[in-house]
Each structure stands twice: as C-alpha cells, then as structure tokens.
file my_file39.tsv (TSV, C-alpha atoms)
chain	number	residue	atom	x	y	z
A	1	MET	CA	136.33	174.61	60.65
A	2	SER	CA	133.37	176.95	61.21
A	3	ASP	CA	133.80	180.63	60.50
A	4	GLY	CA	135.01	182.62	63.45
A	5	MET	CA	135.84	179.64	65.64
A	6	PRO	CA	138.20	180.92	68.33
A	7	GLN	CA	141.50	179.30	69.15
A	8	PHE	CA	140.29	177.50	72.23
A	9	VAL	CA	142.68	177.90	75.11
A	10	GLN	CA	144.63	174.72	75.84
A	11	VAL	CA	145.02	174.38	79.59
A	12	ALA	CA	147.66	172.17	81.19
A	13	PHE	CA	146.37	169.61	83.68
A	14	PRO	CA	148.50	168.12	86.47
A	15	PRO	CA	149.91	164.70	85.43
A	16	VAL	CA	147.84	162.84	88.05
A	17	VAL	CA	144.72	163.61	86.02
A	18	ASP	CA	145.90	161.12	83.40
A	19	LEU	CA	146.19	158.32	85.97
A	20	PRO	CA	143.27	156.02	86.77
A	21	PRO	CA	141.77	157.13	90.09
A	22	ASP	CA	142.79	155.14	93.14
A	23	PRO	CA	140.20	154.95	95.94
A	24	ASP	CA	143.04	154.75	98.43
A	25	TRP	CA	144.23	158.24	97.58
A	26	PRO	CA	143.32	160.98	100.01
A	27	LEU	CA	139.72	162.06	99.49
A	28	GLY	CA	140.82	165.57	98.52
A	29	VAL	CA	142.95	164.30	95.65
A	30	TYR	CA	140.27	161.85	94.55
A	31	ALA	CA	137.67	164.62	94.44
A	32	GLN	CA	139.99	166.93	92.49
A	33	HIS	CA	140.69	164.11	90.05
A	34	CYS	CA	136.94	163.49	89.63
A	35	ILE	CA	136.29	167.12	88.74
A	36	LEU	CA	139.32	167.70	86.55
A	37	THR	CA	138.86	164.55	84.42
A	38	ARG	CA	135.24	165.51	83.71
A	39	PHE	CA	136.18	169.09	83.03
A	40	LYS	CA	138.85	167.95	80.59
A	41	LYS	CA	136.16	166.03	78.67
A	42	LEU	CA	134.01	169.15	78.62
A	43	LEU	CA	136.85	171.17	77.09
A	44	GLU	CA	137.38	168.54	74.40
A	45	GLN	CA	133.86	169.15	73.09
A	46	ARG	CA	134.14	172.91	72.50
A	47	GLY	CA	135.21	172.58	68.87
A	48	VAL	CA	132.64	169.87	68.14
A	49	VAL	CA	129.85	172.12	69.41
A	50	TRP	CA	131.10	175.08	67.43
A	51	GLN	CA	131.40	173.14	64.19
A	52	ASN	CA	127.85	171.82	64.63
A	53	THR	CA	128.33	168.88	62.28
A	54	GLU	CA	127.16	166.26	64.78
A	55	HIS	CA	124.65	166.33	67.60
A	56	GLU	CA	126.89	164.43	69.95
A	57	GLY	CA	129.02	167.46	70.88
A	58	VAL	CA	126.18	169.33	72.57
A	59	HIS	CA	125.14	166.16	74.38
A	60	GLN	CA	128.66	165.37	75.56
A	61	ILE	CA	129.44	168.89	76.73
A	62	ARG	CA	126.26	168.87	78.83
A	63	VAL	CA	126.96	165.42	80.26
A	64	ALA	CA	130.51	166.43	81.18
A	65	ALA	CA	129.28	169.64	82.82
A	66	ARG	CA	126.63	167.70	84.76
A	67	ARG	CA	129.17	165.15	86.00
A	68	CYS	CA	131.52	167.95	86.96
A	69	ARG	CA	128.78	169.67	88.93
A	70	THR	CA	127.71	166.44	90.61
A	71	ALA	CA	131.31	165.85	91.73
A	72	LEU	CA	131.52	169.44	92.91
A	73	VAL	CA	128.31	169.15	94.93
A	74	THR	CA	129.19	165.71	96.29
A	75	PHE	CA	132.55	166.86	97.62
A	76	SER	CA	131.65	170.53	98.20
A	77	GLU	CA	132.65	170.39	101.84
A	78	LEU	CA	136.28	170.07	100.81
A	79	TRP	CA	136.39	173.64	99.51
A	80	GLU	CA	135.41	177.04	100.82
A	81	ALA	CA	131.63	177.16	100.57
A	82	GLY	CA	131.72	180.32	98.48
A	83	GLU	CA	134.17	178.83	95.99
A	84	ALA	CA	132.21	175.60	95.50
A	85	ARG	CA	129.02	177.60	95.01
A	86	ARG	CA	130.64	179.99	92.56
A	87	PHE	CA	132.02	177.21	90.35
A	88	ASN	CA	128.78	175.29	90.54
A	89	LYS	CA	126.84	178.35	89.41
A	90	LEU	CA	129.31	179.00	86.63
A	91	LEU	CA	129.03	175.44	85.31
A	92	SER	CA	125.28	175.44	85.72
A	93	ARG	CA	124.94	178.60	83.63
A	94	PHE	CA	127.30	177.21	81.03
A	95	ALA	CA	125.43	173.89	80.75
A	96	SER	CA	121.99	175.44	80.65
A	97	ALA	CA	122.99	177.43	77.56
A	98	PHE	CA	123.04	174.09	75.69
A	99	GLY	CA	119.74	172.74	77.03
A	100	ASN	CA	117.40	173.95	74.29
A	101	ALA	CA	119.76	172.91	71.52
A	102	ARG	CA	120.00	169.42	73.03
A	103	ASP	CA	116.22	169.08	73.33
A	104	LEU	CA	115.80	170.12	69.72
A	105	ASP	CA	118.54	167.73	68.55
A	106	VAL	CA	116.80	164.85	70.32
A	107	MET	CA	113.43	165.73	68.83
A	108	VAL	CA	114.76	166.11	65.30
A	109	GLU	CA	116.54	162.77	65.58
A	110	TYR	CA	113.46	161.02	66.95
A	111	ILE	CA	111.08	162.46	64.38
A	112	GLU	CA	113.46	161.66	61.54
A	113	GLN	CA	113.64	158.05	62.75
A	114	ARG	CA	109.87	157.79	62.89
A	115	ARG	CA	109.36	159.37	59.51
A	116	SER	CA	111.75	156.98	57.84
A	117	ALA	CA	110.16	154.01	59.65
A	118	GLU	CA	106.64	154.96	58.56
A	119	PRO	CA	106.35	155.32	54.79
A	120	GLY	CA	103.76	157.68	53.36
A	121	GLU	CA	102.81	161.26	53.99
A	122	HIS	CA	103.13	162.62	57.48
A	123	PRO	CA	102.32	166.33	57.60
A	124	ALA	CA	102.79	166.39	61.38
A	125	TYR	CA	106.35	165.03	61.17
A	126	ASP	CA	107.20	167.46	58.35
A	127	TRP	CA	105.76	170.33	60.32
A	128	LEU	CA	107.69	169.38	63.48
A	129	LEU	CA	110.92	168.80	61.59
A	130	GLU	CA	110.78	172.12	59.79
A	131	ARG	CA	110.06	174.04	62.96
A	132	ASN	CA	112.61	172.18	65.08
A	133	MET	CA	115.37	172.48	62.54
A	134	SER	CA	114.89	176.17	62.13
A	135	ALA	CA	114.69	176.61	65.92
A	136	ARG	CA	117.92	174.62	66.26
A	137	ASP	CA	119.65	176.81	63.67
A	138	ALA	CA	118.53	179.82	65.64
A	139	GLU	CA	120.15	178.37	68.79
A	140	GLN	CA	123.61	177.99	67.26
A	141	PRO	CA	124.75	181.65	67.51
A	142	GLY	CA	123.85	181.57	71.21
A	143	LEU	CA	126.00	178.47	71.73
A	144	GLU	CA	128.89	180.13	69.97
A	145	GLU	CA	128.44	183.22	72.13
A	146	THR	CA	128.54	181.06	75.26
A	147	LEU	CA	131.75	179.39	74.09
A	148	THR	CA	133.28	182.75	73.20
A	149	GLU	CA	132.44	184.17	76.63
A	150	PHE	CA	133.89	181.04	78.18
A	151	GLU	CA	137.14	181.77	76.33
A	152	ASP	CA	137.13	185.52	76.93
A	153	GLU	CA	136.60	185.07	80.64
A	154	GLU	CA	139.33	182.43	80.77
A	155	THR	CA	136.96	180.15	82.62
A	156	ALA	CA	138.84	176.99	81.63
A	157	ARG	CA	142.07	178.26	83.14
A	158	GLU	CA	140.29	179.47	86.26
A	159	VAL	CA	138.59	176.11	86.90
A	160	VAL	CA	141.71	174.06	86.26
A	161	ASP	CA	143.93	176.39	88.34
A	162	PHE	CA	141.58	176.22	91.29
A	163	PHE	CA	140.92	172.49	91.31
A	164	SER	CA	144.56	171.65	90.64
A	165	ARG	CA	145.56	173.41	93.83
A	166	HIS	CA	142.71	172.91	96.30
A	167	PRO	CA	142.64	171.19	98.68
A	168	TYR	CA	145.88	169.55	97.45
A	169	ASP	CA	148.45	171.04	95.14
A	170	LEU	CA	148.33	168.34	92.47
A	171	TRP	CA	151.34	169.78	90.69
A	172	ASP	CA	153.41	168.76	93.70
A	173	TRP	CA	151.53	165.63	94.58
A	174	GLU	CA	152.58	162.22	93.37
A	175	ALA	CA	150.46	159.10	93.57
A	176	ALA	CA	153.13	157.34	95.63
A	177	ASP	CA	152.67	160.01	98.33
A	178	GLY	CA	149.25	158.66	99.01
B	1	MET	CA	113.97	170.42	91.15
B	2	ALA	CA	115.00	169.27	94.63
B	3	LYS	CA	118.61	170.09	95.35
B	4	GLY	CA	120.96	167.38	96.58
B	5	LYS	CA	121.85	167.69	100.25
B	6	VAL	CA	125.34	168.72	101.23
B	7	ILE	CA	127.46	165.74	102.23
B	8	THR	CA	128.96	166.51	105.62
B	9	GLY	CA	131.80	165.04	107.63
B	10	LEU	CA	134.23	164.84	104.71
B	11	ASP	CA	137.95	165.02	105.45
B	12	ALA	CA	140.30	165.82	102.58
B	13	ALA	CA	143.12	163.83	104.15
B	14	ALA	CA	141.08	160.71	104.86
B	15	ASN	CA	140.96	157.68	102.58
B	16	ALA	CA	138.82	158.49	99.53
B	17	ARG	CA	136.48	155.59	100.30
B	18	THR	CA	135.15	157.52	103.30
B	19	GLY	CA	133.58	159.89	100.76
B	20	LEU	CA	131.70	156.99	99.17
B	21	SER	CA	130.30	155.91	102.49
B	22	ALA	CA	129.14	159.42	103.47
B	23	ALA	CA	127.73	160.34	100.08
B	24	TYR	CA	125.99	157.00	99.51
B	25	ALA	CA	124.06	157.26	102.77
B	26	VAL	CA	122.69	160.67	101.80
B	27	ARG	CA	122.03	160.05	98.11
B	28	ALA	CA	120.37	156.66	98.65
B	29	ALA	CA	118.08	158.21	101.28
B	30	GLU	CA	117.18	160.95	98.79
B	31	LEU	CA	116.30	158.46	96.07
B	32	TRP	CA	114.22	156.18	98.26
B	33	GLY	CA	112.59	159.23	99.86
B	34	TRP	CA	110.58	159.67	96.63
B	35	GLU	CA	109.10	156.18	96.87
B	36	GLN	CA	106.08	157.49	98.79
B	37	TYR	CA	104.92	159.38	95.67
B	38	LEU	CA	104.89	156.38	93.35
B	39	GLY	CA	101.26	155.50	93.97
B	40	ASP	CA	99.99	158.36	91.83
B	41	PRO	CA	101.16	158.64	88.20
B	42	ASP	CA	100.14	162.33	88.27
B	43	ASN	CA	103.10	163.11	90.53
B	44	VAL	CA	105.10	164.25	87.52
B	45	ARG	CA	107.35	166.64	89.43
B	46	GLU	CA	108.17	164.12	92.15
B	47	LEU	CA	108.98	161.50	89.54
B	48	HIS	CA	111.28	164.01	87.84
B	49	ASP	CA	113.00	164.63	91.20
B	50	MET	CA	113.32	160.89	91.70
B	51	ARG	CA	115.01	160.65	88.29
B	52	ILE	CA	117.49	163.36	89.27
B	53	ALA	CA	118.16	161.65	92.61
B	54	ALA	CA	118.83	158.38	90.76
B	55	LYS	CA	121.20	160.22	88.42
B	56	ARG	CA	123.14	161.68	91.37
B	57	LEU	CA	123.51	158.24	92.89
B	58	ARG	CA	124.54	156.70	89.59
B	59	TYR	CA	127.24	159.36	89.10
B	60	LEU	CA	128.47	158.60	92.62
B	61	PHE	CA	128.83	154.95	91.61
B	62	GLU	CA	130.71	156.09	88.52
B	63	PHE	CA	133.07	158.24	90.57
B	64	TYR	CA	133.82	155.25	92.78
B	65	GLU	CA	133.85	152.59	90.12
B	66	PRO	CA	137.46	151.58	90.93
B	67	ALA	CA	136.44	150.89	94.53
B	68	LEU	CA	133.37	148.80	93.78
B	69	SER	CA	133.65	145.05	93.32
B	70	ALA	CA	132.80	142.99	90.26
B	71	ASP	CA	129.59	141.91	92.05
B	72	PHE	CA	128.50	145.49	91.90
B	73	SER	CA	128.22	145.55	88.11
B	74	ALA	CA	125.21	143.19	88.19
B	75	GLU	CA	123.46	145.55	90.60
B	76	LEU	CA	124.48	148.49	88.48
B	77	MET	CA	122.70	146.94	85.50
B	78	LYS	CA	119.52	146.81	87.55
B	79	PHE	CA	120.08	150.38	88.62
B	80	LYS	CA	120.49	151.45	85.00
B	81	ARG	CA	117.23	149.76	84.10
B	82	LEU	CA	115.54	151.69	86.87
B	83	GLN	CA	117.00	154.89	85.48
B	84	ASP	CA	115.86	153.99	81.98
B	85	TYR	CA	112.28	153.72	83.19
B	86	LEU	CA	112.49	157.05	84.97
B	87	GLY	CA	114.13	158.65	81.95
B	88	ASP	CA	111.64	157.26	79.44
B	89	ILE	CA	108.66	158.31	81.55
B	90	HIS	CA	110.14	161.79	81.87
B	91	ASP	CA	110.71	161.96	78.11
B	92	CYS	CA	107.01	161.18	77.57
B	93	ASP	CA	106.03	164.01	79.94
B	94	VAL	CA	108.32	166.43	78.13
B	95	TRP	CA	107.19	165.27	74.69
B	96	VAL	CA	103.51	165.68	75.47
B	97	GLU	CA	104.05	169.19	76.80
B	98	TYR	CA	106.02	170.07	73.70
B	99	LEU	CA	103.50	168.49	71.31
B	100	LEU	CA	100.61	170.31	72.96
B	101	GLU	CA	102.44	173.59	72.35
B	102	GLN	CA	102.96	172.62	68.72
B	103	LEU	CA	99.29	171.69	68.40
B	104	ARG	CA	98.28	175.09	69.72
B	105	ASP	CA	100.38	176.72	66.97
B	106	ALA	CA	99.04	174.35	64.32
B	107	LEU	CA	95.47	175.15	65.29
B	108	LYS	CA	96.07	178.90	65.19
B	109	GLU	CA	95.96	178.94	61.40
B	110	ILE	CA	92.86	176.77	61.29
B	111	ASN	CA	91.15	178.99	63.85
B	112	ARG	CA	91.92	182.05	61.77
B	113	SER	CA	90.20	180.50	58.73
B	114	ARG	CA	87.32	179.31	60.91
B	115	ARG	CA	86.74	182.84	62.15
B	116	GLU	CA	86.63	184.08	58.55
B	117	LEU	CA	83.93	181.49	57.81
B	118	SER	CA	81.91	182.68	60.79
B	119	ARG	CA	81.78	186.17	59.31
B	120	ILE	CA	79.85	184.92	56.26
B	121	ASN	CA	76.15	185.65	56.52
B	122	GLY	CA	73.91	182.64	55.98
B	123	ALA	CA	74.56	179.53	53.91
B	124	GLN	CA	76.06	181.24	50.90
B	125	ALA	CA	77.99	179.49	48.13
B	126	VAL	CA	81.17	181.13	49.34
B	127	LEU	CA	80.75	179.26	52.62
B	128	SER	CA	80.79	175.96	50.80
B	129	THR	CA	84.08	176.82	49.09
B	130	GLY	CA	85.55	178.19	52.31
B	131	ALA	CA	84.53	175.12	54.32
B	132	ALA	CA	85.92	172.75	51.68
B	133	ASP	CA	89.20	174.70	51.65
B	134	LEU	CA	89.41	174.55	55.40
B	135	ALA	CA	88.71	170.82	55.40
B	136	ALA	CA	91.56	170.36	52.95
B	137	VAL	CA	93.87	172.44	55.15
B	138	PHE	CA	92.85	170.35	58.15
B	139	ALA	CA	93.30	167.04	56.34
B	140	GLY	CA	96.68	167.98	54.88
B	141	GLY	CA	97.92	169.85	57.95
B	142	PRO	CA	99.73	168.68	61.04
B	143	ALA	CA	96.91	168.86	63.63
B	144	HIS	CA	95.54	165.36	63.11
B	145	GLY	CA	98.99	163.76	63.18
B	146	LEU	CA	99.96	165.76	66.25
B	147	LEU	CA	96.85	164.56	68.10
B	148	MET	CA	97.59	160.94	67.21
B	149	PHE	CA	101.18	161.43	68.31
B	150	ILE	CA	100.04	162.90	71.65
B	151	ALA	CA	97.68	159.96	72.22
B	152	GLU	CA	100.45	157.50	71.43
B	153	ILE	CA	102.93	159.13	73.82
B	154	ALA	CA	100.32	159.24	76.59
B	155	ASP	CA	99.59	155.53	76.11
B	156	ARG	CA	103.29	154.77	76.14
B	157	ARG	CA	103.68	156.67	79.40
B	158	THR	CA	100.88	154.65	81.00
B	159	THR	CA	102.51	151.40	79.96
B	160	LEU	CA	105.95	152.49	81.11
B	161	TYR	CA	104.62	153.64	84.45
B	162	ALA	CA	102.95	150.30	85.11
B	163	GLU	CA	106.12	148.45	84.12
B	164	PHE	CA	108.21	150.75	86.30
B	165	LEU	CA	106.01	150.07	89.34
B	166	GLY	CA	106.32	146.35	88.72
B	167	TYR	CA	110.08	146.60	88.44
B	168	TRP	CA	110.32	148.73	91.57
B	169	ALA	CA	108.29	146.14	93.52
B	170	GLU	CA	110.50	143.38	92.15
B	171	LEU	CA	113.66	145.17	93.28
B	172	LYS	CA	112.16	145.85	96.66
B	173	ALA	CA	111.20	142.20	97.15
B	174	ALA	CA	114.74	141.19	96.22
B	175	GLY	CA	116.24	143.55	98.82
B	176	PHE	CA	117.93	145.69	96.17
B	177	ARG	CA	118.67	148.64	98.43
B	178	ASP	CA	120.19	146.42	101.14
B	179	ARG	CA	122.27	144.68	98.53
B	180	LEU	CA	123.64	148.00	97.23
B	181	THR	CA	124.34	149.14	100.78
B	182	GLY	CA	126.16	145.90	101.54
B	183	LEU	CA	128.38	146.23	98.46
B	184	VAL	CA	129.17	149.87	99.23
B	185	ASP	CA	130.01	148.94	102.84
B	186	SER	CA	132.34	146.19	101.60
B	187	ALA	CA	134.10	148.65	99.26
B	188	VAL	CA	134.64	151.06	102.14
B	189	LYS	CA	135.74	148.30	104.51
B	190	GLU	CA	138.21	146.94	101.97
B	191	GLY	CA	140.06	150.26	102.15
B	192	SER	CA	140.21	150.32	105.92
B	193	ASP	CA	141.37	146.68	106.02
B	194	GLY	CA	144.06	147.35	103.42

call {"tool": "encode", "arguments": {"input": "my_file39.tsv", "output": "structure tokens"}}
result
Amino acid sequence: MSDGMPQFVQVAFPPVVDLPPDPDWPLGVYAQHCILTRFKKLLEQRGVVWQNTEHEGVHQIRVAARRCRTALVTFSELWEAGEARRFNKLLSRFASAFGNARDLDVMVEYIEQRRSAEPGEHPAYDWLLERNMSARDAEQPGLEETLTEFEDEETAREVVDFFSRHPYDLWDWEAADG
Amino acid sequence: MAKGKVITGLDAAANARTGLSAAYAVRAAELWGWEQYLGDPDNVRELHDMRIAAKRLRYLFEFYEPALSADFSAELMKFKRLQDYLGDIHDCDVWVEYLLEQLRDALKEINRSRRELSRINGAQAVLSTGAADLAAVFAGGPAHGLLMFIAEIADRRTTLYAEFLGYWAELKAAGFRDRLTGLVDSAVKEGSDG
C-alpha cells in the first residue's frame, strides 16, 4: 500500500445494482442502474490509482467516469436540471484530473514498445521516455490530492445517495415491481 | 468539443426501451451530421467531434446491450472498426502536436550553442571545435529522431484517413445507418409487443 493512502469510503449500493439490467424496467430505474454500476466501477479503481503500480487504474477510472457522465447526459431529463448539471460537472472535473497522467502513460507505453522493437541507439526515444516518466511522476501527487478531496467531500456517498433515490427509490424497489 | 444534445421526451415511468429510441435518434443524427466535413483531412476539430459523437452512440449501445438482438453484434463490430479509425487518426493528431512541442525543447539547447558560435569573430580555430561539438550534439541528440518520428506519424495519418474514407463509403453503400436504425427499432418494438 502506498504511503498515506486513505481508507476509501465504502458506500452501500441498492441490491438492484447487482442485477443485470432489464430493458423492460421503468426508464428511471434503468437510468439509475446505468449510472450506479459505472460509478461502482469508478470507486473500485481508487486504490489502484493511488498505488500507481499499473497504468490500467488511471485508464479505468477515466473510462468509468466517462460512461457515468454519458449516462447522466443521456438521461438528464429524468432529474432536476440543476442536479444533473452539478453531478456532470463534478464528474467532469474529477475525470479531467487524470487526463494528463493517462496521456503520459500511453506515450511511455508506446515509446517503450517501439524502443524494444527497434534495436540500436535511439536518442529520441530515450529523451521522450525520460521526460515523460518524470512528468508522470510529477502528476501523481495531484492524482492523490484529487482522490483525497473526493473522500473529504464525501462525493461517493453523495452520488450514490442521490442516484439511489431519484427518480425511483431503489432501496424500496424490487425488480418484480417492474 | 461539441456538446451532446439533451434527449427530450423521456418519461421515468415508461418502458426503458423508449429511452433507446429517443436517444438513438439524436445521437445518430449528431454522428452523421459530421459527415459533411469528411472531404477535407484538415478538419481536425470536426473529426475529433465526430469521434466523440461516435463514442456517445457506442456507449448508448452498451447501455442497451440487453435490449439489442444478436444480429446487432455484427453491426457493432463494424461500428467499433469505425471508432478505431477515428481514434487512431485522433491519436496521430495528438502525437504530432506533442512531438512538435518536444522538438521545440530539443532544439532549444542546439540553438543556444548555435548562438554562441555566431558570436565568434571570423573563421577562428575555436569555431571549428565549436562546430564539431555542436554537430556531435546534433547527431547524438533527439532532434533527428523526433523529426523522423513526426514524419512517420504524419504519413500514418494520411494512410489511415484514406482507409477511413474508404470504409465510410463502404458502410454507406451497404446502408449501415438504416440497418442500425432498423435493429434499434426492432429492440424498441419488442418491448412494446411484450
């Protein structure tokens, strides 16, 4: 475990989130399910990003945030306009904090592949690798700060609370009701 | 980046498939709305917007995967290929911009040494040493490799763009959009029949 990694808050999701989505559910429930399942995946990546031992965490947390936002925008009419906008902005800010790190991860990976595929001296690859790796290291404290703020502001709980209860209260809703 | 339009007419209590129908109509129109810009490979921003529009539509298909028939997966493969082209072309655009920035930094050091050489009066011996040193820095430094890399990425982009246009024409000739629309309509209808 990385130094200083917070105890990430574990939020309870309504049981319906663990069911496969049924397109014959009410649209409200389906939309909530879409958002909550993607958000759950996002939360699962917090520790991976913090530990920074594999590039995949940053990629997955961004993909999950993007899917969440796409679901939010697609079904935005189902919520108060202000609420949908607020959560969209929140997720957008969160995801954009990982953008540079992801770009650098992709570049490092690509250059490393090329360098190993092309034997001999390649000053350009060495130059790019050195610069990208040090730029990526410099990004990591910012990622950790973003995750810490996310915890401090209890964003996870706020998102799950809201989308578990609007437009349907999923804690009271059972698939058979649909 | 062009924002996705708000999907209107949604009803939380209606069958979830109604959301597919409403959102598909809007997102497909957004994607195909960029077609008019495909004639000019310099339309980098529009191509980027087209890529984002394709991504929105693809996510919509993902959200509604349980509603879409097995026939849809063959069309989805074609859609993914389309997205791959758009993604790879975009990557080339991003790479070139990034590499040009790196080249500027790499040349800074060489320019500094070049300016020092310019300060030498006449063809003195010290100029010979300085020029030879600079040549060694140039030969062993990243600038040459970066330039070759930039040329390679630009060539790759040209090839990808031509392939993408060919693929787009192929899909169009095969009635790809109509086929997607038909499959989405069937998925929606299946719900109302059931």

call {"tool": "interface_residues", "arguments": {"input": "my_file39.tsv", "of": "chain A", "to": "chain B", "cutoff": "9 Å", "atoms": "all atoms listed in the file", "output": "ChimeraX atom specification"}}
result
/A:20-31,34,67,70-71,73-78,107,122-128,167-168

call {"tool": "atom_distance", "arguments": {"input": "my_file39.tsv", "atom1": "atom CA of A:Leu90", "atom2": "atom CA of A:Asp103"}}
result
21.1 Å

call {"tool": "atom_distance", "arguments": {"input": "my_file39.tsv", "atom1": "atom CA of A:Glu83", "atom2": "atom CA of B:Leu31"}}
result
27.1 Å

call {"tool": "closest_residue", "arguments": {"input": "my_file39.tsv", "among": "A:Thr53, A:Thr155, A:Gln140, A:Asn132", "to": "A:Tyr110", "atoms": "only C-alpha atoms"}}
result
A:Asn132

call {"tool": "closest_residue", "arguments": {"input": "my_file39.tsv", "among": "B:Ala132, B:Leu117, B:Ala2, B:Leu107", "to": "B:Asp49", "atoms": "only C-alpha atoms"}}
result
B:Ala2

call {"tool": "closest_residue", "arguments": {"input": "my_file39.tsv", "among": "B:Ile110, B:Met77, B:Met1, B:Ala135", "to": "B:Phe61", "atoms": "all atoms listed in the file"}}
result
B:Met77

call {"tool": "residues_near_point", "arguments": {"input": "my_file39.tsv", "point": "(135.7, 168.3, 82.3)", "cutoff": "6 Å", "atoms": "only C-alpha atoms", "output": "list in words"}}
result
Leu36, Thr37, Arg38, Phe39, Lys40, Lys41, Leu42 and Ala64 of chain A

call {"tool": "closest_residue", "arguments": {"input": "my_file39.tsv", "among": "A:Ala65, A:Val48, A:Met133, A:Ala12", "to": "A:Ala95", "atoms": "only C-alpha atoms"}}
result
A:Ala65

call {"tool": "axis_aligned_box", "arguments": {"input": "my_file39.tsv", "around": "stretch 86-95 of chain A", "padding_each_side": "3 Å", "output": "AutoDock Vina command-line options"}}
result
--center_x 128.5 --center_y 176.9 --center_z 86.7 --size_x 13.1 --size_y 12.1 --size_z 17.8

call {"tool": "residues_around", "arguments": {"input": "my_file39.tsv", "residues": "A:Val58", "least_positions_apart": "6", "cutoff": "9 Å", "atoms": "all atoms listed in the file", "output": "MDAnalysis selection string"}}
result
chainID A and resid 45:46 48:49 52 98:99 101:102 105

call {"tool": "closest_residue", "arguments": {"input": "my_file39.tsv", "among": "B:Leu82, B:Ala136, B:Ile153, B:Val126", "to": "B:Leu100", "atoms": "all atoms listed in the file"}}
result
B:Ile153

call {"tool": "atom_distance", "arguments": {"input": "my_file39.tsv", "atom1": "atom CA of A:Pro6", "atom2": "atom CA of A:Phe94"}}
result
17.1 Å

call {"tool": "closest_residue", "arguments": {"input": "my_file39.tsv", "among": "B:Asn43, B:Asn121, B:Gln36, B:Ser69", "to": "B:Leu180", "atoms": "all atoms listed in the file"}}
result
B:Ser69

call {"tool": "decode", "arguments": {"input": "my_file39.tsv", "residues": "stretch 147-165 of chain A", "atoms": "N, CA and C atoms", "output": "PDB file, in the first residue's frame"}}
result
ATOM      1  N   LEU A 147      -8.049  12.391  -5.300  1.00  0.00           N
ATOM      2  CA  LEU A 147      -8.716  11.288  -4.600  1.00  0.00           C
ATOM      3  C   LEU A 147      -8.998  11.657  -3.140  1.00  0.00           C
ATOM      4  N   THR A 148      -8.078  12.375  -2.531  1.00  0.00           N
ATOM      5  CA  THR A 148      -8.276  12.780  -1.134  1.00  0.00           C
ATOM      6  C   THR A 148      -9.448  13.745  -1.022  1.00  0.00           C
ATOM      7  N   GLU A 149      -9.503  14.706  -1.938  1.00  0.00           N
ATOM      8  CA  GLU A 149     -10.635  15.651  -1.937  1.00  0.00           C
ATOM      9  C   GLU A 149     -11.949  14.909  -2.139  1.00  0.00           C
ATOM     10  N   PHE A 150     -11.904  13.946  -3.038  1.00  0.00           N
ATOM     11  CA  PHE A 150     -13.086  13.130  -3.341  1.00  0.00           C
ATOM     12  C   PHE A 150     -13.588  12.457  -2.063  1.00  0.00           C
ATOM     13  N   GLU A 151     -12.643  11.987  -1.244  1.00  0.00           N
ATOM     14  CA  GLU A 151     -13.000  11.351   0.029  1.00  0.00           C
ATOM     15  C   GLU A 151     -13.484  12.388   1.041  1.00  0.00           C
ATOM     16  N   ASP A 152     -12.711  13.479   1.156  1.00  0.00           N
ATOM     17  CA  ASP A 152     -13.035  14.502   2.159  1.00  0.00           C
ATOM     18  C   ASP A 152     -14.416  15.102   1.911  1.00  0.00           C
ATOM     19  N   GLU A 153     -14.724  15.254   0.643  1.00  0.00           N
ATOM     20  CA  GLU A 153     -16.020  15.880   0.316  1.00  0.00           C
ATOM     21  C   GLU A 153     -17.161  14.856   0.287  1.00  0.00           C
ATOM     22  N   GLU A 154     -16.803  13.623   0.575  1.00  0.00           N
ATOM     23  CA  GLU A 154     -17.813  12.544   0.599  1.00  0.00           C
ATOM     24  C   GLU A 154     -18.595  12.473  -0.706  1.00  0.00           C
ATOM     25  N   THR A 155     -17.886  12.674  -1.790  1.00  0.00           N
ATOM     26  CA  THR A 155     -18.528  12.682  -3.107  1.00  0.00           C
ATOM     27  C   THR A 155     -19.182  11.340  -3.418  1.00  0.00           C
ATOM     28  N   ALA A 156     -18.479  10.246  -3.075  1.00  0.00           N
ATOM     29  CA  ALA A 156     -19.006   8.921  -3.406  1.00  0.00           C
ATOM     30  C   ALA A 156     -20.376   8.727  -2.772  1.00  0.00           C
ATOM     31  N   ARG A 157     -20.463   9.085  -1.493  1.00  0.00           N
ATOM     32  CA  ARG A 157     -21.737   8.903  -0.782  1.00  0.00           C
ATOM     33  C   ARG A 157     -22.824   9.795  -1.400  1.00  0.00           C
ATOM     34  N   GLU A 158     -22.429  11.002  -1.744  1.00  0.00           N
ATOM     35  CA  GLU A 158     -23.395  11.952  -2.297  1.00  0.00           C
ATOM     36  C   GLU A 158     -23.969  11.437  -3.629  1.00  0.00           C
ATOM     37  N   VAL A 159     -23.079  10.949  -4.497  1.00  0.00           N
ATOM     38  CA  VAL A 159     -23.525  10.447  -5.807  1.00  0.00           C
ATOM     39  C   VAL A 159     -24.440   9.238  -5.629  1.00  0.00           C
ATOM     40  N   VAL A 160     -23.988   8.296  -4.805  1.00  0.00           N
ATOM     41  CA  VAL A 160     -24.775   7.066  -4.634  1.00  0.00           C
ATOM     42  C   VAL A 160     -26.113   7.376  -3.959  1.00  0.00           C
ATOM     43  N   ASP A 161     -26.096   8.242  -2.943  1.00  0.00           N
ATOM     44  CA  ASP A 161     -27.361   8.599  -2.266  1.00  0.00           C
ATOM     45  C   ASP A 161     -28.348   9.186  -3.263  1.00  0.00           C
ATOM     46  N   PHE A 162     -27.851  10.119  -4.067  1.00  0.00           N
ATOM     47  CA  PHE A 162     -28.771  10.795  -4.990  1.00  0.00           C
ATOM     48  C   PHE A 162     -29.338   9.821  -6.025  1.00  0.00           C
ATOM     49  N   PHE A 163     -28.453   9.090  -6.681  1.00  0.00           N
ATOM     50  CA  PHE A 163     -28.935   8.245  -7.787  1.00  0.00           C
ATOM     51  C   PHE A 163     -29.600   6.943  -7.303  1.00  0.00           C
ATOM     52  N   SER A 164     -29.517   6.672  -6.020  1.00  0.00           N
ATOM     53  CA  SER A 164     -30.257   5.527  -5.480  1.00  0.00           C
ATOM     54  C   SER A 164     -31.702   5.919  -5.197  1.00  0.00           C
ATOM     55  N   ARG A 165     -31.937   7.224  -5.128  1.00  0.00           N
ATOM     56  CA  ARG A 165     -33.277   7.666  -4.687  1.00  0.00           C
ATOM     57  C   ARG A 165     -34.023   8.515  -5.709  1.00  0.00           C
TER      58      ARG A 165
END
